[in-house]
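Novice: Please find model-v6.tsv (TSV, C-alpha atoms) on the next line:
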```
chain	number	residue	atom	x	y	z
A	1387	MET	CA	-2.80	-29.79	15.75
A	1388	SER	CA	-2.34	-28.42	12.22
A	1389	LEU	CA	-5.94	-27.17	12.24
A	1390	ASN	CA	-5.15	-25.26	15.44
A	1391	TYR	CA	-2.19	-23.59	13.71
A	1392	ILE	CA	-4.46	-22.53	10.85
A	1393	ARG	CA	-7.07	-21.20	13.30
A	1394	ILE	CA	-4.51	-19.11	15.21
A	1395	PHE	CA	-3.01	-17.76	12.00
A	1396	TYR	CA	-6.44	-16.94	10.58
A	1397	GLU	CA	-7.62	-15.22	13.77
A	1398	GLY	CA	-4.37	-13.30	14.05
A	1399	CYS	CA	-4.62	-11.92	10.53
A	1400	LEU	CA	-8.29	-10.96	10.88
A	1401	ARG	CA	-8.38	-10.05	14.57
A	1402	PRO	CA	-5.08	-8.58	15.84
A	1403	PRO	CA	-4.55	-8.26	19.62
A	1404	THR	CA	-5.13	-4.48	19.69
A	1405	VAL	CA	-8.28	-2.44	19.06
A	1406	ILE	CA	-6.45	-0.10	16.69
A	1407	GLY	CA	-4.94	-3.10	14.93
A	1408	GLN	CA	-8.43	-4.48	14.30
A	1409	PHE	CA	-9.55	-1.12	12.95
A	1410	HIS	CA	-6.43	-1.03	10.77
A	1411	THR	CA	-7.32	-4.47	9.39
A	1412	LEU	CA	-10.84	-3.27	8.61
A	1413	PHE	CA	-9.58	-0.09	7.00
A	1414	PHE	CA	-6.78	-1.84	5.14
A	1415	GLY	CA	-8.75	-4.86	4.03
A	1416	SER	CA	-12.09	-3.29	3.21
A	1417	VAL	CA	-11.79	0.38	2.30
A	1418	ARG	CA	-8.32	0.49	0.78
A	1419	MET	CA	-8.57	-2.71	-1.25
A	1420	PHE	CA	-12.10	-1.89	-2.42
A	1421	PHE	CA	-10.99	1.59	-3.45
A	1422	LEU	CA	-8.03	0.21	-5.40
A	1423	GLY	CA	-9.79	-2.79	-6.89
A	1424	VAL	CA	-13.00	-1.11	-8.04
A	1425	LEU	CA	-12.25	2.58	-8.56
A	1426	GLY	CA	-8.64	1.99	-9.58
A	1427	PHE	CA	-9.72	-0.17	-12.49
A	1428	ALA	CA	-12.35	2.40	-13.49
A	1429	VAL	CA	-9.83	5.26	-13.52
A	1430	TYR	CA	-6.74	3.50	-14.92
A	1431	GLY	CA	-8.21	0.50	-16.74
A	1432	ASN	CA	-8.17	1.94	-20.29
A	1433	GLU	CA	-5.47	4.55	-19.86
A	1434	ALA	CA	-3.05	3.03	-22.37
A	1435	LEU	CA	-5.74	2.84	-25.06
A	1436	HIS	CA	-6.65	6.53	-24.77
A	1437	PHE	CA	-3.09	7.83	-24.37
A	1438	SER	CA	-2.31	9.66	-27.64
A	1439	CYS	CA	0.66	11.68	-28.86
A	1440	ASP	CA	1.49	13.96	-31.76
A	1441	PRO	CA	1.97	12.35	-34.26
A	1442	ASP	CA	-0.78	9.91	-33.32
A	1443	ARG	CA	0.94	6.68	-34.33
A	1444	ARG	CA	0.78	3.40	-32.48
A	1445	GLU	CA	4.54	3.02	-32.02
A	1446	VAL	CA	4.88	6.59	-30.75
A	1447	ASN	CA	1.96	6.19	-28.35
A	1448	LEU	CA	3.35	2.95	-26.94
A	1449	PHE	CA	6.88	4.32	-26.63
A	1450	CYS	CA	5.73	7.46	-24.82
A	1451	TYR	CA	3.26	5.63	-22.62
A	1452	ASN	CA	6.02	3.30	-21.39
A	1453	GLN	CA	8.05	6.41	-20.63
A	1454	PHE	CA	5.08	8.04	-18.90
A	1455	ARG	CA	4.25	4.90	-16.88
A	1456	PRO	CA	7.37	2.84	-16.07
A	1457	ILE	CA	5.01	0.85	-13.82
A	1458	THR	CA	1.23	1.04	-13.88
A	1459	PRO	CA	-0.28	2.53	-10.70
A	1460	GLN	CA	-2.54	-0.48	-10.10
A	1461	VAL	CA	0.46	-2.84	-10.09
A	1462	PHE	CA	2.46	-0.52	-7.82
A	1463	TRP	CA	-0.34	-0.16	-5.27
A	1464	ALA	CA	-1.10	-3.88	-5.36
A	1465	LEU	CA	2.57	-4.61	-4.63
A	1466	GLN	CA	2.46	-2.02	-1.84
A	1467	LEU	CA	-0.55	-3.69	-0.22
A	1468	VAL	CA	0.99	-7.16	-0.44
A	1469	THR	CA	4.37	-5.97	0.87
A	1470	VAL	CA	2.85	-4.15	3.83
A	1471	LEU	CA	0.91	-7.30	4.76
A	1472	VAL	CA	4.07	-9.43	4.95
A	1473	PRO	CA	5.42	-8.38	8.44
A	1474	GLY	CA	2.07	-9.02	10.12
A	1475	ALA	CA	1.58	-12.31	8.29
A	1476	VAL	CA	5.07	-13.48	9.32
A	1477	PHE	CA	4.39	-12.60	12.96
A	1478	HIS	CA	1.03	-14.38	13.02
A	1479	LEU	CA	2.64	-17.40	11.35
A	1480	TYR	CA	5.25	-17.35	14.14
A	1481	ALA	CA	2.45	-17.09	16.73
A	1482	ALA	CA	0.65	-20.01	15.12
A	1483	CYS	CA	3.80	-22.16	15.19
A	1484	LYS	CA	4.29	-21.29	18.88
A	1485	ASN	CA	0.60	-21.95	19.54
A	1486	ILE	CA	0.09	-18.45	20.95
A	1487	ASP	CA	-3.45	-17.10	21.17
A	1488	GLN	CA	-4.07	-13.43	20.44
A	1489	GLU	CA	-4.89	-12.71	24.09
A	1490	GLU	CA	-1.44	-13.96	25.13
A	1491	ILE	CA	0.59	-11.78	22.76
A	1492	LEU	CA	0.57	-8.62	24.86
A	1493	GLU	CA	1.10	-10.56	28.08
A	1494	GLY	CA	4.48	-11.96	27.11
A	1495	PRO	CA	7.33	-9.43	26.77
A	1496	ILE	CA	9.09	-11.31	23.96
A	1497	TYR	CA	5.89	-11.66	21.94
A	1498	THR	CA	5.10	-7.98	22.51
A	1499	VAL	CA	8.53	-6.94	21.22
A	1500	PHE	CA	8.15	-9.10	18.11
A	1501	TYR	CA	4.71	-7.68	17.45
A	1502	ILE	CA	5.97	-4.09	17.83
A	1503	ILE	CA	8.78	-4.89	15.37
A	1504	SER	CA	6.21	-6.13	12.84
A	1505	VAL	CA	4.26	-2.88	13.23
A	1506	LEU	CA	7.45	-0.82	12.84
A	1507	LEU	CA	8.27	-2.73	9.66
A	1508	ARG	CA	4.80	-1.87	8.33
A	1509	ILE	CA	5.49	1.81	9.02
A	1510	ILE	CA	8.87	1.65	7.25
A	1511	LEU	CA	7.36	-0.11	4.22
A	1512	GLU	CA	4.56	2.46	4.00
A	1513	ILE	CA	7.07	5.33	4.14
A	1514	ILE	CA	9.18	3.73	1.41
A	1515	ALA	CA	6.04	3.23	-0.71
A	1516	PHE	CA	5.06	6.89	-0.17
A	1517	TRP	CA	8.52	8.01	-1.30
A	1518	LEU	CA	8.49	5.73	-4.36
A	1519	GLN	CA	5.00	6.85	-5.31
A	1520	SER	CA	6.03	10.51	-5.16
A	1521	HIS	CA	9.00	9.82	-7.45
A	1522	LEU	CA	7.09	7.62	-9.91
A	1523	PHE	CA	3.80	9.51	-10.17
A	1524	GLY	CA	4.33	12.88	-8.48
A	1525	PHE	CA	1.44	14.61	-6.73
A	1526	GLN	CA	-0.48	15.85	-9.77
A	1527	VAL	CA	-1.31	14.43	-13.19
A	1528	HIS	CA	-1.08	17.06	-15.94
A	1529	SER	CA	-3.17	17.00	-19.10
A	1530	LEU	CA	-0.07	17.13	-21.36
A	1531	TYR	CA	3.03	14.99	-21.04
A	1532	PRO	CA	6.24	16.02	-22.87
A	1533	CYS	CA	7.72	12.81	-24.24
A	1534	ASP	CA	11.35	12.48	-25.33
A	1535	ALA	CA	10.93	10.37	-28.47
A	1536	SER	CA	14.33	11.04	-30.01
A	1537	ALA	CA	15.35	7.41	-29.52
A	1538	LEU	CA	12.36	6.31	-31.58
A	1539	GLU	CA	12.50	8.82	-34.41
A	1540	LYS	CA	15.18	11.42	-35.14
A	1541	ALA	CA	12.75	13.77	-36.87
A	1542	PHE	CA	11.63	15.17	-33.50
A	1543	ASN	CA	13.00	15.23	-29.97
A	1544	VAL	CA	10.01	16.08	-27.79
A	1545	THR	CA	6.40	15.35	-28.58
A	1546	LYS	CA	3.34	16.25	-26.54
A	1547	CYS	CA	0.98	13.52	-25.39
A	1548	MET	CA	-2.57	13.82	-24.11
A	1549	VAL	CA	-3.18	12.17	-20.73
A	1550	PRO	CA	-6.82	10.99	-20.50
A	1551	GLU	CA	-8.89	11.90	-17.43
A	1552	HIS	CA	-5.98	13.67	-15.75
A	1553	PHE	CA	-8.20	15.37	-13.14
A	1554	GLU	CA	-9.70	12.05	-11.98
A	1555	LYS	CA	-6.23	10.57	-11.75
A	1556	THR	CA	-5.04	13.50	-9.63
A	1557	ILE	CA	-7.92	12.94	-7.20
A	1558	PHE	CA	-7.25	9.20	-7.07
A	1559	LEU	CA	-3.53	9.82	-6.55
A	1560	SER	CA	-4.28	12.16	-3.65
A	1561	ALA	CA	-6.58	9.53	-2.14
A	1562	MET	CA	-3.84	6.88	-2.26
A	1563	TYR	CA	-1.41	9.25	-0.55
A	1564	THR	CA	-4.06	9.88	2.09
A	1565	PHE	CA	-4.59	6.15	2.64
A	1566	THR	CA	-0.86	5.68	3.14
A	1567	VAL	CA	-0.69	8.50	5.70
A	1568	ILE	CA	-3.75	7.14	7.55
A	1569	THR	CA	-2.19	3.68	7.68
A	1570	ILE	CA	1.06	5.08	9.08
A	1571	LEU	CA	-0.84	7.03	11.75
A	1572	LEU	CA	-2.84	3.93	12.69
A	1573	CYS	CA	0.38	1.92	13.07
A	1574	VAL	CA	1.91	4.62	15.28
A	1575	ALA	CA	-1.27	4.73	17.39
A	1576	GLU	CA	-1.21	0.93	17.66
A	1577	ILE	CA	2.32	1.04	19.10
A	1578	PHE	CA	1.16	3.52	21.77
A	1579	GLU	CA	-1.82	1.28	22.55
A	1580	ILE	CA	0.52	-1.69	22.96
A	1581	LEU	CA	2.81	0.26	25.30
A	1582	PHE	CA	-0.10	1.52	27.43
A	1583	ARG	CA	-1.63	-1.95	27.68
A	1584	ARG	CA	1.76	-3.43	28.50
A	1585	LEU	CA	2.19	-0.91	31.32
A	1586	GLY	CA	-1.26	-1.92	32.55
A	1587	TYR	CA	-0.18	-5.58	32.72
A	1588	LEU	CA	2.95	-4.62	34.65
A	1589	ASN	CA	0.99	-2.48	37.12
A	1590	ASN	CA	-1.49	-5.31	37.75
A	1591	GLN	CA	1.38	-7.64	38.53
```
For this file, produce the structure as structure tokens.

Specialist:
Amino acid sequence: MSLNYIRIFYEGCLRPPTVIGQFHTLFFGSVRMFFLGVLGFAVYGNEALHFSCDPDRREVNLFCYNQFRPITPQVFWALQLVTVLVPGAVFHLYAACKNIDQEEILEGPIYTVFYIISVLLRIILEIIAFWLQSHLFGFQVHSLYPCDASALEKAFNVTKCMVPEHFEKTIFLSAMYTFTVITILLCVAEIFEILFRRLGYLNNQ
């Protein structure tokens, strides 16, 4: 019986009951994670090492970099991906415990409501992540960052720091915003697909 639970949970995570949900899984799991894991490391991997300020001293560079990046983008986006996966994983775990196959989810009204709630939670989490990303990183990475280093050294208040590969980071940042918007649109489209298919079940009855 436990193997059946694992099978249902595994199939639910990889093959949701909707066509758009399956495309969302493919987009989310393949394109988005590959983009973040491979290109994200290439763009942001050595950022701290090449971040330099005036005066170019190690303590100043570290102090200003921590001010420039309160959280590294790779960590933020990894947390975003994991958080967005949680509602769907919880639902499929519930379906596995109830021994519900994917074909039965849209046939039962209670299961359909729970699944729609999990999709709505994904939308809310993506919107929150979009808002946090805009406040943490903005929409453009500039070549110079004005750092308030008065707490470190009283001789100067603001020092200018060079941000390495700022143009590449701007492109990557725009791509991550685009991925978030695409994911939200896919979730909205999935809800409409669920409602249309549910109406089809009711009409057949």

Novice: Which residues are close to Leu1435 in chain A, i.e. within 10 Å by all atoms listed in the file, leaving aside same-chain residues fewer than 5 positions away? Reply as a PDB file with C-alpha atoms, in the frame of the given file.

Specialist:
```
ATOM      1  CA  ARG A1444       0.780   3.400 -32.480  1.00  0.00           C
ATOM      2  CA  ASN A1447       1.960   6.190 -28.350  1.00  0.00           C
ATOM      3  CA  LEU A1448       3.350   2.950 -26.940  1.00  0.00           C
ATOM      4  CA  TYR A1451       3.260   5.630 -22.620  1.00  0.00           C
ATOM      5  CA  PRO A1550      -6.820  10.990 -20.500  1.00  0.00           C
TER       6      PRO A1550
END
```

Novice: What is the CA of Ile1509 in chain A to CA of Ile1570 in chain A distance in Å?

Specialist: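 Atom-to-atom, CA of Ile1509 in chain A to CA of Ile1570 in chain A, that is 5.5 Å.
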
Novice: Go through range 1419-1511 of chain A and flag each residue having an atom no more than 12 Å from range 1552-1556 of chain A; for those, report the closest pair of atoms plus their distance in Å to one decimal, using only C-alpha atoms, ordered by chain and rising number, as JSON lines.

Specialist:
```
{"residue": "A:Leu1425", "atom": "CA", "partner": "A:Glu1554", "partner_atom": "CA", "distance": 10.4}
{"residue": "A:Gly1426", "atom": "CA", "partner": "A:Lys1555", "partner_atom": "CA", "distance": 9.2}
{"residue": "A:Phe1427", "atom": "CA", "partner": "A:Lys1555", "partner_atom": "CA", "distance": 11.3}
{"residue": "A:Ala1428", "atom": "CA", "partner": "A:Glu1554", "partner_atom": "CA", "distance": 10.1}
{"residue": "A:Val1429", "atom": "CA", "partner": "A:Lys1555", "partner_atom": "CA", "distance": 6.7}
{"residue": "A:Tyr1430", "atom": "CA", "partner": "A:Lys1555", "partner_atom": "CA", "distance": 7.8}
{"residue": "A:Gly1431", "atom": "CA", "partner": "A:Lys1555", "partner_atom": "CA", "distance": 11.4}
{"residue": "A:Glu1433", "atom": "CA", "partner": "A:His1552", "partner_atom": "CA", "distance": 10.0}
{"residue": "A:His1436", "atom": "CA", "partner": "A:His1552", "partner_atom": "CA", "distance": 11.5}
{"residue": "A:Phe1437", "atom": "CA", "partner": "A:His1552", "partner_atom": "CA", "distance": 10.8}
{"residue": "A:Pro1459", "atom": "CA", "partner": "A:Lys1555", "partner_atom": "CA", "distance": 10.1}
{"residue": "A:Gln1460", "atom": "CA", "partner": "A:Lys1555", "partner_atom": "CA", "distance": 11.8}
```

Novice: With a distance cut-off of 12 Å and all atoms listed in the file, select the neighbouring residues of Val1468 in chain A, excluding the residue or stretch itself and same-chain residues fewer than 5 positions from it, and output the selection as a CSV table (one decimal) with C-alpha atoms, keeping the file's coordinate frame.

Specialist:
```csv
chain,number,residue,atom,x,y,z
A,1414,PHE,CA,-6.8,-1.8,5.1
A,1415,GLY,CA,-8.8,-4.9,4.0
A,1419,MET,CA,-8.6,-2.7,-1.2
A,1461,VAL,CA,0.5,-2.8,-10.1
A,1462,PHE,CA,2.5,-0.5,-7.8
A,1463,TRP,CA,-0.3,-0.2,-5.3
A,1473,PRO,CA,5.4,-8.4,8.4
A,1474,GLY,CA,2.1,-9.0,10.1
A,1475,ALA,CA,1.6,-12.3,8.3
A,1508,ARG,CA,4.8,-1.9,8.3
A,1511,LEU,CA,7.4,-0.1,4.2
A,1512,GLU,CA,4.6,2.5,4.0
A,1515,ALA,CA,6.0,3.2,-0.7
```

Novice: Which polymer residues have any atom within 12 Å of an atom of Ile1510 in chain A, counting only C-alpha atoms, with same-chain residues fewer than 5 positions away left out, as a list in words?

Specialist: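 Within the cut-off, the hits are Gln1466, Thr1469, Val1470, Pro1473, Ile1503, Ser1504, Val1505, Ala1515, Phe1516, Trp1517, Thr1566, Val1567, Thr1569, Ile1570, Leu1571, Cys1573 and Val1574 of chain A.
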
Novice: Between A:Thr1545, A:Ile1496, A:Phe1477, A:Met1562, which has the minimum distance to Pro1441 in chain A (counting only C-alpha atoms)?

Specialist: A:Thr1545

Novice: So, counting all atoms listed in the file, which residue among A:Ile1580, A:Val1446, A:Phe1558, A:Pro1456 is closest to Phe1500 in chain A?

Specialist: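 The closest residue to Phe1500 in chain A is A:Ile1580.
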